[in-house]
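Only one structure is covered here, and it is reproduced in the block below.
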Amino acid sequence: MCAEAPDVPPPVGLEWLESLFRGTPAGICVLDTELRHLYVNPALERMNGIPAAEHLGRTVADILPELNVPTDILRGVLADGRAREVAASGRTRSSDDPGLRFWQCACHRVEQDGQVRGLVVVILEVTAPRRRNLEYERVSRHLSMLDTAATLIGTTLDMNTTCGELAEFVVPELADVASVEVFAPEIGQSVRPPPAGVVRLRRAGMAAVPALAEAVRQFGEPGQYADYQDGGTIPRCLETNQPVLQNLSTDAELSASAPSSERVAVYRALGFHSTCVVPLTSRGRPLGCLALVRAGDSPAFTEQDVVVARELAVRAAVDLDHARRYTREHGIALELQRALLSEPRKPHPHIEVATRYLPVGQGAEVGGDWFDVVPLSDARHLKVMGDVMGHGVDAAVAMSHYRSMVRLLAQDDEPPHRILERLDLMVEKAGIDRAATCLLAVVDRFRGECLVASAGHLPPVFIDRGAGAVIADIPVGPPLGTGLGGYETVSLPCGPGTVLFMYTDGLVERRDEDIDVSVGRLASLRLPVGGTLEGLLDEVLDRFGRDATDDIAVLASRIRSGRKGETETGE
């Protein structure tokens with residue numbers, strides 16, 4: 001007896017498949033060989049926000065121009081029949097979620113009677129997990145930014161450098177254009193007061209993406225001042241000490257953000273659409289603000305962006321406050337030192353003197369270098385070169401005390417070593433807590449000699465036109481302020497036309513070289529063509545001052561002849 005054949009289910013009908021496609025939450029469509037819609041299920045209708053009938057006979061680009069679909073991959077499936085998965089993103093007409101959305105699609109080729117008929121595409125929306133991943137990536141980048149900021153912002157104590165580092169750091173990760181606006185410095189160049197209802201700030205740093213870098217220069221270079229109308233975005237930020245976020249959808253909103261009404265058209269042309277301004281505040285004191293702008297296709301600023309910008313501003317403000325306080329002290333010390341060194345004195349009728357003071361730069365503290373020329377009796381004069389230990393305002397103030405005391409002691413007409421001994425005692429009694437090196441030289445034009453004594457200072461150089469330069473071999477006592485004493489005066493020849501050259505250690509001291517080697521190079525000095533002292537100092541600073549790491553003070557002098565304006569060499 002033969003076994004009965006098992007029951008075979010009937011073939012699946014089209015109506016059953018249609019019911020299946022209508023019930024699935026996945027979007028399903030059938031495309032012809034030109035990628036035009038032949039069928040769309042209800043789930044895809046809802047995803048796209050478009051009825052099925054409007055899909056038929058049209059491509060995705062026809063009905064959803066803001067949707068990014070890799071049509072090249074779809075055509076590849078049509079060509080080789082190998083099924084593929086593709087990703088798509090963009091915006092549809094769906095009112096449920098008008099933002100950027102993401103889909104994962106699987107597509108395979110449909111054939112009938114050996115002919116390619118089109119594609120079947122199954123679509124699953126993955127917007128929620130994709131957005132979570134993007135948010136995670138964004139938060140990770142922001143955390144990484146905050147971590148990196150500590151090493152890239154505030155690398156120096158120069159305020160302009162710090163502001164520039166902050167502006168460059170946030171572009172392009174956080175903004176397309178960034179500027180750091182600060183209040184005028186308290187010390188230095190005075191700034192005219194702004195008109196009523198206007199906030200005047202100095203642009204201390206600016207950066208932009210390459211596409212906007214040239215265009216934004218019309219708004220002002222770093223170092224220039226800009227006026228902002230009362231009620232604008234930046235003044236509101238400074239007044240409230242709170243971030244101001246503004247997505248500029250209308251010209252009225254854009255006008256409120258712009259410093260002037262003329263800027264509105266320019267901002268529109270450049271595609272500016274979103275601004276974020278955060279205050280820079282330290283120790284309860286406003287320093288300025290960080291202004292961020294996004295343009296073109298960049299997304300609008302979000303509250304999370306504001307949080308990151310605010311945290312960056314808080315950290316940068318600490319560095320800016322240090323730079324501001326240092327710049328203020330640096331400015332005070334520099335102005336004090338320059339005022340003291342340029343204090344008017346009547347020129348001695350018998351000597352020619354040239355001096356220079358060269359601070360090493362904005363990034364370093366002013367030192368206590370000083371020089372002086374004090375007239376004495378019998379056509380003699382005392383030349384002084386000194387260097388107070390340390391830097392800053394305290395060093396400059398101590399320098400003024402040393403200078404004043406040397407002038408006072410010089411009136412007693414004592415030899416250099418005795419002046420140093422008395423000065424050492426006076427420093428101790430005065431409670432000056434900063435030691436100093438000092439070189440004294442009394443030149444006697446009639447005797448043709450120079451009496452020299454050193455308190456820890458480098459030796460002078462004597463330069464003759466015929467014989468060249470000679471570095472003086474003199475005994476060196478301890479620095480002033482140590483209370484040790486023990487100074488000695490030596491007599492050195494200094495005839496008519498001989499140039500006495502004195503200097504501080506900033507001219508020769510180098511970290512990678514022995515000081516004796518550095519000083520030894522001064523033996524190569526020669527009087528320049530024309531024999532002027534100013535020309536000599538130009539040459540000295542050009543040769544030895546370029547890579548200095550400390551302030552430099554130099555003094556060159558020689559005896560004049562009886563006729564005004566001539567040296568005793570007859571030149």
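Chain labels follow the order of the structure tokens: the first chain is A, the next B, and so on; residue numbering restarts at 1 in every chain, and ligands are counted from 1 in their shown order.
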Query raised in the report: Near Ala215 (chain A), counting only C-alpha atoms, which residues have an atom at most 12 Å away, once you skip same-chain residues fewer than 3 positions from it, shown as a list of chain:residue names?
Result: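 So the residues in contact are A:Val177, A:Ala207, A:Ala208, A:Val209, A:Pro210, A:Ala211, A:Leu212, A:Gln218, A:Phe219, A:Gly220, A:Glu221, A:Val266, A:Tyr267, A:Ala269, A:Leu270, A:Gly271.
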Residues just named, written with N, CA, C and O atoms as a PDB file, in the first residue's frame:
```
ATOM      1  N   VAL A 177      32.668  81.083  12.882  1.00  0.00           N
ATOM      2  CA  VAL A 177      33.396  82.327  13.150  1.00  0.00           C
ATOM      3  C   VAL A 177      33.401  82.548  14.653  1.00  0.00           C
ATOM      4  O   VAL A 177      32.380  82.328  15.315  1.00  0.00           O
ATOM      5  N   ALA A 207      38.907  84.130  14.637  1.00  0.00           N
ATOM      6  CA  ALA A 207      39.186  82.974  13.789  1.00  0.00           C
ATOM      7  C   ALA A 207      37.937  82.655  12.982  1.00  0.00           C
ATOM      8  O   ALA A 207      36.820  82.977  13.387  1.00  0.00           O
ATOM      9  N   ALA A 208      38.133  82.010  11.834  1.00  0.00           N
ATOM     10  CA  ALA A 208      37.007  81.645  10.972  1.00  0.00           C
ATOM     11  C   ALA A 208      37.398  80.447  10.126  1.00  0.00           C
ATOM     12  O   ALA A 208      38.582  80.189   9.890  1.00  0.00           O
ATOM     13  N   VAL A 209      36.389  79.712   9.677  1.00  0.00           N
ATOM     14  CA  VAL A 209      36.640  78.608   8.763  1.00  0.00           C
ATOM     15  C   VAL A 209      37.201  79.187   7.465  1.00  0.00           C
ATOM     16  O   VAL A 209      36.970  80.362   7.145  1.00  0.00           O
ATOM     17  N   PRO A 210      37.951  78.387   6.693  1.00  0.00           N
ATOM     18  CA  PRO A 210      38.597  78.930   5.488  1.00  0.00           C
ATOM     19  C   PRO A 210      37.649  79.649   4.531  1.00  0.00           C
ATOM     20  O   PRO A 210      38.011  80.669   3.943  1.00  0.00           O
ATOM     21  N   ALA A 211      36.433  79.154   4.385  1.00  0.00           N
ATOM     22  CA  ALA A 211      35.500  79.766   3.430  1.00  0.00           C
ATOM     23  C   ALA A 211      35.093  81.178   3.834  1.00  0.00           C
ATOM     24  O   ALA A 211      34.677  81.976   2.981  1.00  0.00           O
ATOM     25  N   LEU A 212      35.216  81.514   5.127  1.00  0.00           N
ATOM     26  CA  LEU A 212      34.793  82.826   5.607  1.00  0.00           C
ATOM     27  C   LEU A 212      35.954  83.682   6.084  1.00  0.00           C
ATOM     28  O   LEU A 212      35.761  84.846   6.452  1.00  0.00           O
ATOM     29  N   GLN A 218      36.657  92.186   7.071  1.00  0.00           N
ATOM     30  CA  GLN A 218      36.037  93.509   6.935  1.00  0.00           C
ATOM     31  C   GLN A 218      35.411  93.965   8.248  1.00  0.00           C
ATOM     32  O   GLN A 218      35.114  95.158   8.417  1.00  0.00           O
ATOM     33  N   PHE A 219      35.193  93.046   9.185  1.00  0.00           N
ATOM     34  CA  PHE A 219      34.599  93.406  10.460  1.00  0.00           C
ATOM     35  C   PHE A 219      35.627  93.937  11.457  1.00  0.00           C
ATOM     36  O   PHE A 219      35.265  94.378  12.535  1.00  0.00           O
ATOM     37  N   GLY A 220      36.915  93.880  11.101  1.00  0.00           N
ATOM     38  CA  GLY A 220      37.944  94.383  11.998  1.00  0.00           C
ATOM     39  C   GLY A 220      38.965  93.319  12.337  1.00  0.00           C
ATOM     40  O   GLY A 220      38.614  92.163  12.598  1.00  0.00           O
ATOM     41  N   GLU A 221      40.228  93.716  12.322  1.00  0.00           N
ATOM     42  CA  GLU A 221      41.319  92.813  12.660  1.00  0.00           C
ATOM     43  C   GLU A 221      41.532  92.801  14.172  1.00  0.00           C
ATOM     44  O   GLU A 221      41.138  93.740  14.871  1.00  0.00           O
ATOM     45  N   VAL A 266      25.305  92.383   5.095  1.00  0.00           N
ATOM     46  CA  VAL A 266      26.557  91.632   4.992  1.00  0.00           C
ATOM     47  C   VAL A 266      26.415  90.280   5.680  1.00  0.00           C
ATOM     48  O   VAL A 266      26.849  89.244   5.146  1.00  0.00           O
ATOM     49  N   TYR A 267      25.825  90.279   6.870  1.00  0.00           N
ATOM     50  CA  TYR A 267      25.621  89.024   7.588  1.00  0.00           C
ATOM     51  C   TYR A 267      24.756  88.060   6.785  1.00  0.00           C
ATOM     52  O   TYR A 267      25.026  86.854   6.741  1.00  0.00           O
ATOM     53  N   ALA A 269      24.416  87.976   3.539  1.00  0.00           N
ATOM     54  CA  ALA A 269      25.167  87.510   2.368  1.00  0.00           C
ATOM     55  C   ALA A 269      26.143  86.404   2.734  1.00  0.00           C
ATOM     56  O   ALA A 269      26.399  85.495   1.939  1.00  0.00           O
ATOM     57  N   LEU A 270      26.680  86.460   3.952  1.00  0.00           N
ATOM     58  CA  LEU A 270      27.625  85.445   4.399  1.00  0.00           C
ATOM     59  C   LEU A 270      26.930  84.220   4.985  1.00  0.00           C
ATOM     60  O   LEU A 270      27.596  83.243   5.331  1.00  0.00           O
ATOM     61  N   GLY A 271      25.612  84.281   5.108  1.00  0.00           N
ATOM     62  CA  GLY A 271      24.870  83.124   5.592  1.00  0.00           C
ATOM     63  C   GLY A 271      24.832  82.968   7.094  1.00  0.00           C
ATOM     64  O   GLY A 271      24.523  81.883   7.595  1.00  0.00           O
TER      65      GLY A 271
END
```
Give me the residues near region 159-174 of chain A as a PDB file with N, CA, C and O atoms, in the first residue's frame, where near means some atom within 10 Å (using only C-alpha atoms) and where sequence neighbours in that chain fewer than 3 positions away do not count.
```
ATOM      1  N   ARG A 138      28.755  63.662  19.870  1.00  0.00           N
ATOM      2  CA  ARG A 138      28.918  65.098  20.072  1.00  0.00           C
ATOM      3  C   ARG A 138      29.368  65.407  21.496  1.00  0.00           C
ATOM      4  O   ARG A 138      30.267  66.209  21.717  1.00  0.00           O
ATOM      5  N   ARG A 141      32.963  64.500  21.831  1.00  0.00           N
ATOM      6  CA  ARG A 141      33.838  65.508  21.241  1.00  0.00           C
ATOM      7  C   ARG A 141      33.949  66.734  22.137  1.00  0.00           C
ATOM      8  O   ARG A 141      35.029  67.300  22.309  1.00  0.00           O
ATOM      9  N   HIS A 142      32.825  67.122  22.720  1.00  0.00           N
ATOM     10  CA  HIS A 142      32.843  68.302  23.592  1.00  0.00           C
ATOM     11  C   HIS A 142      33.684  68.051  24.845  1.00  0.00           C
ATOM     12  O   HIS A 142      34.436  68.928  25.284  1.00  0.00           O
ATOM     13  N   MET A 145      37.132  68.274  23.837  1.00  0.00           N
ATOM     14  CA  MET A 145      37.503  69.681  23.665  1.00  0.00           C
ATOM     15  C   MET A 145      37.880  70.308  24.997  1.00  0.00           C
ATOM     16  O   MET A 145      38.907  70.981  25.119  1.00  0.00           O
ATOM     17  N   THR A 148      41.192  69.069  26.152  1.00  0.00           N
ATOM     18  CA  THR A 148      42.318  69.579  25.365  1.00  0.00           C
ATOM     19  C   THR A 148      42.550  71.063  25.598  1.00  0.00           C
ATOM     20  O   THR A 148      43.669  71.557  25.461  1.00  0.00           O
ATOM     21  N   ALA A 149      41.481  71.792  25.938  1.00  0.00           N
ATOM     22  CA  ALA A 149      41.590  73.246  26.099  1.00  0.00           C
ATOM     23  C   ALA A 149      42.662  73.638  27.096  1.00  0.00           C
ATOM     24  O   ALA A 149      43.330  74.662  26.938  1.00  0.00           O
ATOM     25  N   LEU A 152      45.976  73.925  25.246  1.00  0.00           N
ATOM     26  CA  LEU A 152      46.099  74.766  24.062  1.00  0.00           C
ATOM     27  C   LEU A 152      45.729  76.224  24.295  1.00  0.00           C
ATOM     28  O   LEU A 152      46.005  77.073  23.460  1.00  0.00           O
ATOM     29  N   ILE A 153      45.072  76.518  25.420  1.00  0.00           N
ATOM     30  CA  ILE A 153      44.682  77.891  25.736  1.00  0.00           C
ATOM     31  C   ILE A 153      45.434  78.340  26.973  1.00  0.00           C
ATOM     32  O   ILE A 153      45.475  77.629  27.977  1.00  0.00           O
ATOM     33  N   GLY A 154      46.026  79.531  26.911  1.00  0.00           N
ATOM     34  CA  GLY A 154      46.767  80.048  28.050  1.00  0.00           C
ATOM     35  C   GLY A 154      48.194  79.557  28.104  1.00  0.00           C
ATOM     36  O   GLY A 154      48.746  79.358  29.179  1.00  0.00           O
ATOM     37  N   THR A 155      48.813  79.372  26.934  1.00  0.00           N
ATOM     38  CA  THR A 155      50.191  78.871  26.906  1.00  0.00           C
ATOM     39  C   THR A 155      51.200  79.945  27.279  1.00  0.00           C
ATOM     40  O   THR A 155      52.363  79.642  27.532  1.00  0.00           O
ATOM     41  N   THR A 156      50.763  81.223  27.262  1.00  0.00           N
ATOM     42  CA  THR A 156      51.645  82.320  27.649  1.00  0.00           C
ATOM     43  C   THR A 156      50.880  83.242  28.593  1.00  0.00           C
ATOM     44  O   THR A 156      49.679  83.069  28.827  1.00  0.00           O
ATOM     45  N   VAL A 177      32.668  81.083  12.882  1.00  0.00           N
ATOM     46  CA  VAL A 177      33.396  82.327  13.150  1.00  0.00           C
ATOM     47  C   VAL A 177      33.401  82.548  14.653  1.00  0.00           C
ATOM     48  O   VAL A 177      32.380  82.328  15.315  1.00  0.00           O
ATOM     49  N   ALA A 178      34.530  82.957  15.192  1.00  0.00           N
ATOM     50  CA  ALA A 178      34.625  83.230  16.630  1.00  0.00           C
ATOM     51  C   ALA A 178      35.474  84.472  16.846  1.00  0.00           C
ATOM     52  O   ALA A 178      36.473  84.688  16.147  1.00  0.00           O
ATOM     53  N   SER A 179      35.054  85.289  17.789  1.00  0.00           N
ATOM     54  CA  SER A 179      35.861  86.454  18.161  1.00  0.00           C
ATOM     55  C   SER A 179      35.840  86.592  19.674  1.00  0.00           C
ATOM     56  O   SER A 179      34.864  86.232  20.334  1.00  0.00           O
ATOM     57  N   VAL A 180      36.944  87.087  20.205  1.00  0.00           N
ATOM     58  CA  VAL A 180      37.064  87.368  21.636  1.00  0.00           C
ATOM     59  C   VAL A 180      37.160  88.874  21.782  1.00  0.00           C
ATOM     60  O   VAL A 180      38.087  89.505  21.269  1.00  0.00           O
ATOM     61  N   GLU A 181      36.176  89.459  22.449  1.00  0.00           N
ATOM     62  CA  GLU A 181      36.106  90.903  22.637  1.00  0.00           C
ATOM     63  C   GLU A 181      36.383  91.209  24.108  1.00  0.00           C
ATOM     64  O   GLU A 181      35.763  90.607  24.995  1.00  0.00           O
ATOM     65  N   VAL A 182      37.298  92.128  24.376  1.00  0.00           N
ATOM     66  CA  VAL A 182      37.673  92.449  25.752  1.00  0.00           C
ATOM     67  C   VAL A 182      37.610  93.954  25.964  1.00  0.00           C
ATOM     68  O   VAL A 182      37.661  94.751  25.023  1.00  0.00           O
ATOM     69  N   ARG A 203      38.853  93.950  19.915  1.00  0.00           N
ATOM     70  CA  ARG A 203      38.884  92.593  19.371  1.00  0.00           C
ATOM     71  C   ARG A 203      40.281  92.024  19.599  1.00  0.00           C
ATOM     72  O   ARG A 203      41.247  92.408  18.956  1.00  0.00           O
ATOM     73  N   ALA A 204      40.400  91.101  20.546  1.00  0.00           N
ATOM     74  CA  ALA A 204      41.704  90.563  20.922  1.00  0.00           C
ATOM     75  C   ALA A 204      42.021  89.248  20.229  1.00  0.00           C
ATOM     76  O   ALA A 204      43.175  88.812  20.220  1.00  0.00           O
ATOM     77  N   GLY A 205      41.021  88.599  19.652  1.00  0.00           N
ATOM     78  CA  GLY A 205      41.254  87.340  18.947  1.00  0.00           C
ATOM     79  C   GLY A 205      40.125  87.070  17.980  1.00  0.00           C
ATOM     80  O   GLY A 205      38.966  87.399  18.254  1.00  0.00           O
ATOM     81  N   MET A 206      40.462  86.469  16.829  1.00  0.00           N
ATOM     82  CA  MET A 206      39.432  86.165  15.839  1.00  0.00           C
ATOM     83  C   MET A 206      39.867  84.986  14.996  1.00  0.00           C
ATOM     84  O   MET A 206      41.048  84.840  14.675  1.00  0.00           O
ATOM     85  N   ALA A 207      38.907  84.130  14.637  1.00  0.00           N
ATOM     86  CA  ALA A 207      39.186  82.974  13.789  1.00  0.00           C
ATOM     87  C   ALA A 207      37.937  82.655  12.982  1.00  0.00           C
ATOM     88  O   ALA A 207      36.820  82.977  13.387  1.00  0.00           O
ATOM     89  N   ALA A 208      38.133  82.010  11.834  1.00  0.00           N
ATOM     90  CA  ALA A 208      37.007  81.645  10.972  1.00  0.00           C
ATOM     91  C   ALA A 208      37.398  80.447  10.126  1.00  0.00           C
ATOM     92  O   ALA A 208      38.582  80.189   9.890  1.00  0.00           O
ATOM     93  N   VAL A 209      36.389  79.712   9.677  1.00  0.00           N
ATOM     94  CA  VAL A 209      36.640  78.608   8.763  1.00  0.00           C
ATOM     95  C   VAL A 209      37.201  79.187   7.465  1.00  0.00           C
ATOM     96  O   VAL A 209      36.970  80.362   7.145  1.00  0.00           O
ATOM     97  N   PRO A 210      37.951  78.387   6.693  1.00  0.00           N
ATOM     98  CA  PRO A 210      38.597  78.930   5.488  1.00  0.00           C
ATOM     99  C   PRO A 210      37.649  79.649   4.531  1.00  0.00           C
ATOM    100  O   PRO A 210      38.011  80.669   3.943  1.00  0.00           O
ATOM    101  N   PRO A 222      42.171  91.751  14.697  1.00  0.00           N
ATOM    102  CA  PRO A 222      42.537  91.766  16.117  1.00  0.00           C
ATOM    103  C   PRO A 222      43.371  92.996  16.452  1.00  0.00           C
ATOM    104  O   PRO A 222      44.271  93.378  15.705  1.00  0.00           O
ATOM    105  N   GLY A 223      43.045  93.625  17.577  1.00  0.00           N
ATOM    106  CA  GLY A 223      43.716  94.844  17.998  1.00  0.00           C
ATOM    107  C   GLY A 223      42.886  96.081  17.752  1.00  0.00           C
ATOM    108  O   GLY A 223      43.122  97.129  18.363  1.00  0.00           O
ATOM    109  N   LEU A 290      33.063  85.936  24.602  1.00  0.00           N
ATOM    110  CA  LEU A 290      33.381  85.073  23.467  1.00  0.00           C
ATOM    111  C   LEU A 290      32.143  85.022  22.589  1.00  0.00           C
ATOM    112  O   LEU A 290      31.073  84.589  23.036  1.00  0.00           O
ATOM    113  N   ALA A 291      32.264  85.471  21.340  1.00  0.00           N
ATOM    114  CA  ALA A 291      31.135  85.504  20.411  1.00  0.00           C
ATOM    115  C   ALA A 291      31.324  84.430  19.345  1.00  0.00           C
ATOM    116  O   ALA A 291      32.369  84.382  18.682  1.00  0.00           O
ATOM    117  N   LEU A 292      30.316  83.577  19.184  1.00  0.00           N
ATOM    118  CA  LEU A 292      30.349  82.473  18.230  1.00  0.00           C
ATOM    119  C   LEU A 292      29.264  82.663  17.182  1.00  0.00           C
ATOM    120  O   LEU A 292      28.155  83.093  17.504  1.00  0.00           O
ATOM    121  N   VAL A 293      29.581  82.312  15.945  1.00  0.00           N
ATOM    122  CA  VAL A 293      28.623  82.446  14.846  1.00  0.00           C
ATOM    123  C   VAL A 293      28.639  81.175  14.015  1.00  0.00           C
ATOM    124  O   VAL A 293      29.713  80.605  13.759  1.00  0.00           O
ATOM    125  N   ARG A 294      27.458  80.740  13.601  1.00  0.00           N
ATOM    126  CA  ARG A 294      27.356  79.647  12.636  1.00  0.00           C
ATOM    127  C   ARG A 294      26.698  80.155  11.368  1.00  0.00           C
ATOM    128  O   ARG A 294      25.818  81.018  11.411  1.00  0.00           O
ATOM    129  N   SER A 298      25.757  74.803   8.582  1.00  0.00           N
ATOM    130  CA  SER A 298      25.989  74.407   9.969  1.00  0.00           C
ATOM    131  C   SER A 298      24.681  74.477  10.752  1.00  0.00           C
ATOM    132  O   SER A 298      23.876  75.389  10.536  1.00  0.00           O
ATOM    133  N   PHE A 301      22.817  76.724  16.936  1.00  0.00           N
ATOM    134  CA  PHE A 301      23.323  76.414  18.262  1.00  0.00           C
ATOM    135  C   PHE A 301      22.216  75.812  19.119  1.00  0.00           C
ATOM    136  O   PHE A 301      21.047  76.202  19.028  1.00  0.00           O
ATOM    137  N   ASP A 305      25.358  73.203  23.192  1.00  0.00           N
ATOM    138  CA  ASP A 305      26.473  74.013  22.688  1.00  0.00           C
ATOM    139  C   ASP A 305      26.762  75.172  23.631  1.00  0.00           C
ATOM    140  O   ASP A 305      27.926  75.530  23.864  1.00  0.00           O
ATOM    141  N   VAL A 306      25.711  75.767  24.165  1.00  0.00           N
ATOM    142  CA  VAL A 306      25.882  76.884  25.095  1.00  0.00           C
ATOM    143  C   VAL A 306      26.612  76.416  26.356  1.00  0.00           C
ATOM    144  O   VAL A 306      27.494  77.109  26.874  1.00  0.00           O
ATOM    145  N   VAL A 308      28.759  73.965  26.621  1.00  0.00           N
ATOM    146  CA  VAL A 308      30.168  73.754  26.297  1.00  0.00           C
ATOM    147  C   VAL A 308      30.895  75.095  26.153  1.00  0.00           C
ATOM    148  O   VAL A 308      31.995  75.281  26.679  1.00  0.00           O
ATOM    149  N   ALA A 309      30.261  76.031  25.432  1.00  0.00           N
ATOM    150  CA  ALA A 309      30.887  77.344  25.246  1.00  0.00           C
ATOM    151  C   ALA A 309      31.081  78.050  26.580  1.00  0.00           C
ATOM    152  O   ALA A 309      32.120  78.687  26.816  1.00  0.00           O
ATOM    153  N   LEU A 312      34.022  76.455  28.417  1.00  0.00           N
ATOM    154  CA  LEU A 312      35.274  76.912  27.821  1.00  0.00           C
ATOM    155  C   LEU A 312      35.591  78.343  28.243  1.00  0.00           C
ATOM    156  O   LEU A 312      36.742  78.683  28.545  1.00  0.00           O
ATOM    157  N   ALA A 313      34.558  79.188  28.267  1.00  0.00           N
ATOM    158  CA  ALA A 313      34.760  80.589  28.650  1.00  0.00           C
ATOM    159  C   ALA A 313      35.199  80.710  30.099  1.00  0.00           C
ATOM    160  O   ALA A 313      36.049  81.531  30.441  1.00  0.00           O
ATOM    161  N   ALA A 316      38.832  79.600  30.169  1.00  0.00           N
ATOM    162  CA  ALA A 316      39.702  80.574  29.502  1.00  0.00           C
ATOM    163  C   ALA A 316      39.790  81.873  30.290  1.00  0.00           C
ATOM    164  O   ALA A 316      40.834  82.543  30.268  1.00  0.00           O
ATOM    165  N   ALA A 317      38.710  82.246  30.984  1.00  0.00           N
ATOM    166  CA  ALA A 317      38.716  83.499  31.742  1.00  0.00           C
ATOM    167  C   ALA A 317      39.768  83.481  32.841  1.00  0.00           C
ATOM    168  O   ALA A 317      40.340  84.524  33.169  1.00  0.00           O
ATOM    169  N   ASP A 319      42.698  82.003  32.624  1.00  0.00           N
ATOM    170  CA  ASP A 319      43.953  82.319  31.940  1.00  0.00           C
ATOM    171  C   ASP A 319      44.006  83.788  31.525  1.00  0.00           C
ATOM    172  O   ASP A 319      45.046  84.437  31.631  1.00  0.00           O
ATOM    173  N   LEU A 320      42.867  84.306  31.062  1.00  0.00           N
ATOM    174  CA  LEU A 320      42.832  85.705  30.656  1.00  0.00           C
ATOM    175  C   LEU A 320      43.044  86.635  31.845  1.00  0.00           C
ATOM    176  O   LEU A 320      43.690  87.681  31.723  1.00  0.00           O
ATOM    177  N   ASP A 321      42.497  86.261  32.997  1.00  0.00           N
ATOM    178  CA  ASP A 321      42.689  87.093  34.190  1.00  0.00           C
ATOM    179  C   ASP A 321      44.153  87.101  34.603  1.00  0.00           C
ATOM    180  O   ASP A 321      44.699  88.151  34.957  1.00  0.00           O
ATOM    181  N   HIS A 322      44.787  85.930  34.557  1.00  0.00           N
ATOM    182  CA  HIS A 322      46.223  85.891  34.855  1.00  0.00           C
ATOM    183  C   HIS A 322      46.995  86.759  33.872  1.00  0.00           C
ATOM    184  O   HIS A 322      47.889  87.523  34.264  1.00  0.00           O
ATOM    185  N   ALA A 323      46.631  86.656  32.575  1.00  0.00           N
ATOM    186  CA  ALA A 323      47.321  87.455  31.560  1.00  0.00           C
ATOM    187  C   ALA A 323      47.045  88.940  31.761  1.00  0.00           C
ATOM    188  O   ALA A 323      47.948  89.774  31.615  1.00  0.00           O
ATOM    189  N   ARG A 324      45.795  89.281  32.097  1.00  0.00           N
ATOM    190  CA  ARG A 324      45.446  90.691  32.311  1.00  0.00           C
ATOM    191  C   ARG A 324      46.207  91.273  33.495  1.00  0.00           C
ATOM    192  O   ARG A 324      46.769  92.377  33.414  1.00  0.00           O
ATOM    193  N   ARG A 325      46.239  90.514  34.584  1.00  0.00           N
ATOM    194  CA  ARG A 325      46.940  91.014  35.769  1.00  0.00           C
ATOM    195  C   ARG A 325      48.438  91.117  35.503  1.00  0.00           C
ATOM    196  O   ARG A 325      49.096  92.070  35.921  1.00  0.00           O
ATOM    197  N   TYR A 326      48.958  90.133  34.784  1.00  0.00           N
ATOM    198  CA  TYR A 326      50.378  90.200  34.449  1.00  0.00           C
ATOM    199  C   TYR A 326      50.648  91.382  33.515  1.00  0.00           C
ATOM    200  O   TYR A 326      51.622  92.123  33.698  1.00  0.00           O
ATOM    201  N   THR A 327      49.771  91.545  32.480  1.00  0.00           N
ATOM    202  CA  THR A 327      49.957  92.646  31.545  1.00  0.00           C
ATOM    203  C   THR A 327      49.889  93.989  32.270  1.00  0.00           C
ATOM    204  O   THR A 327      50.651  94.916  31.966  1.00  0.00           O
ATOM    205  N   GLN A 362      56.943  91.329  25.055  1.00  0.00           N
ATOM    206  CA  GLN A 362      55.673  91.351  25.763  1.00  0.00           C
ATOM    207  C   GLN A 362      55.469  90.117  26.617  1.00  0.00           C
ATOM    208  O   GLN A 362      54.764  90.155  27.613  1.00  0.00           O
ATOM    209  N   GLY A 363      56.070  89.002  26.230  1.00  0.00           N
ATOM    210  CA  GLY A 363      55.840  87.769  26.957  1.00  0.00           C
ATOM    211  C   GLY A 363      56.709  87.599  28.172  1.00  0.00           C
ATOM    212  O   GLY A 363      56.673  86.569  28.813  1.00  0.00           O
TER     213      GLY A 363
END
```
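In this structure, CA of Val199 (chain A) sits 8.7 Å away from CA of Ile234 (chain A).
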Requested in this report: Using only C-alpha atoms, determine which residues lie at most 9 Å from Ala128 (chain A), disregarding the query and same-chain residues fewer than 4 positions distant; provide the list as number ranges by chain.
Outcome: A: 101-102, 132-133
Give me the residues of region 428-455 of chain A that have any atom at most 7 Å from an atom of region 389-396 of chain A; for each, the nearest atom pair and the distance in Å, rounded to one decimal. Use only C-alpha atoms, sort by chain and number, and format it as JSON lines.
```
{"residue": "A:Arg434", "atom": "CA", "partner": "A:Met389", "partner_atom": "CA", "distance": 6.0}
{"residue": "A:Ala435", "atom": "CA", "partner": "A:Met389", "partner_atom": "CA", "distance": 5.7}
{"residue": "A:Ala436", "atom": "CA", "partner": "A:Met389", "partner_atom": "CA", "distance": 5.5}
```
Mind dumping the selected residues with N, CA and C atoms as an mmCIF file, in the first residue's frame?
```cif
data_model
loop_
_atom_site.group_PDB
_atom_site.id
_atom_site.type_symbol
_atom_site.label_atom_id
_atom_site.label_comp_id
_atom_site.auth_asym_id
_atom_site.auth_seq_id
_atom_site.Cartn_x
_atom_site.Cartn_y
_atom_site.Cartn_z
ATOM 1 N N ARG A 434 65.730 93.028 47.720
ATOM 2 C CA ARG A 434 66.191 92.555 46.421
ATOM 3 C C ARG A 434 67.644 92.962 46.220
ATOM 4 N N ALA A 435 68.494 91.962 46.017
ATOM 5 C CA ALA A 435 69.907 92.238 45.749
ATOM 6 C C ALA A 435 70.049 92.801 44.338
ATOM 7 N N ALA A 436 71.203 93.384 44.079
ATOM 8 C CA ALA A 436 71.456 93.970 42.765
ATOM 9 C C ALA A 436 72.939 93.908 42.466
#
```
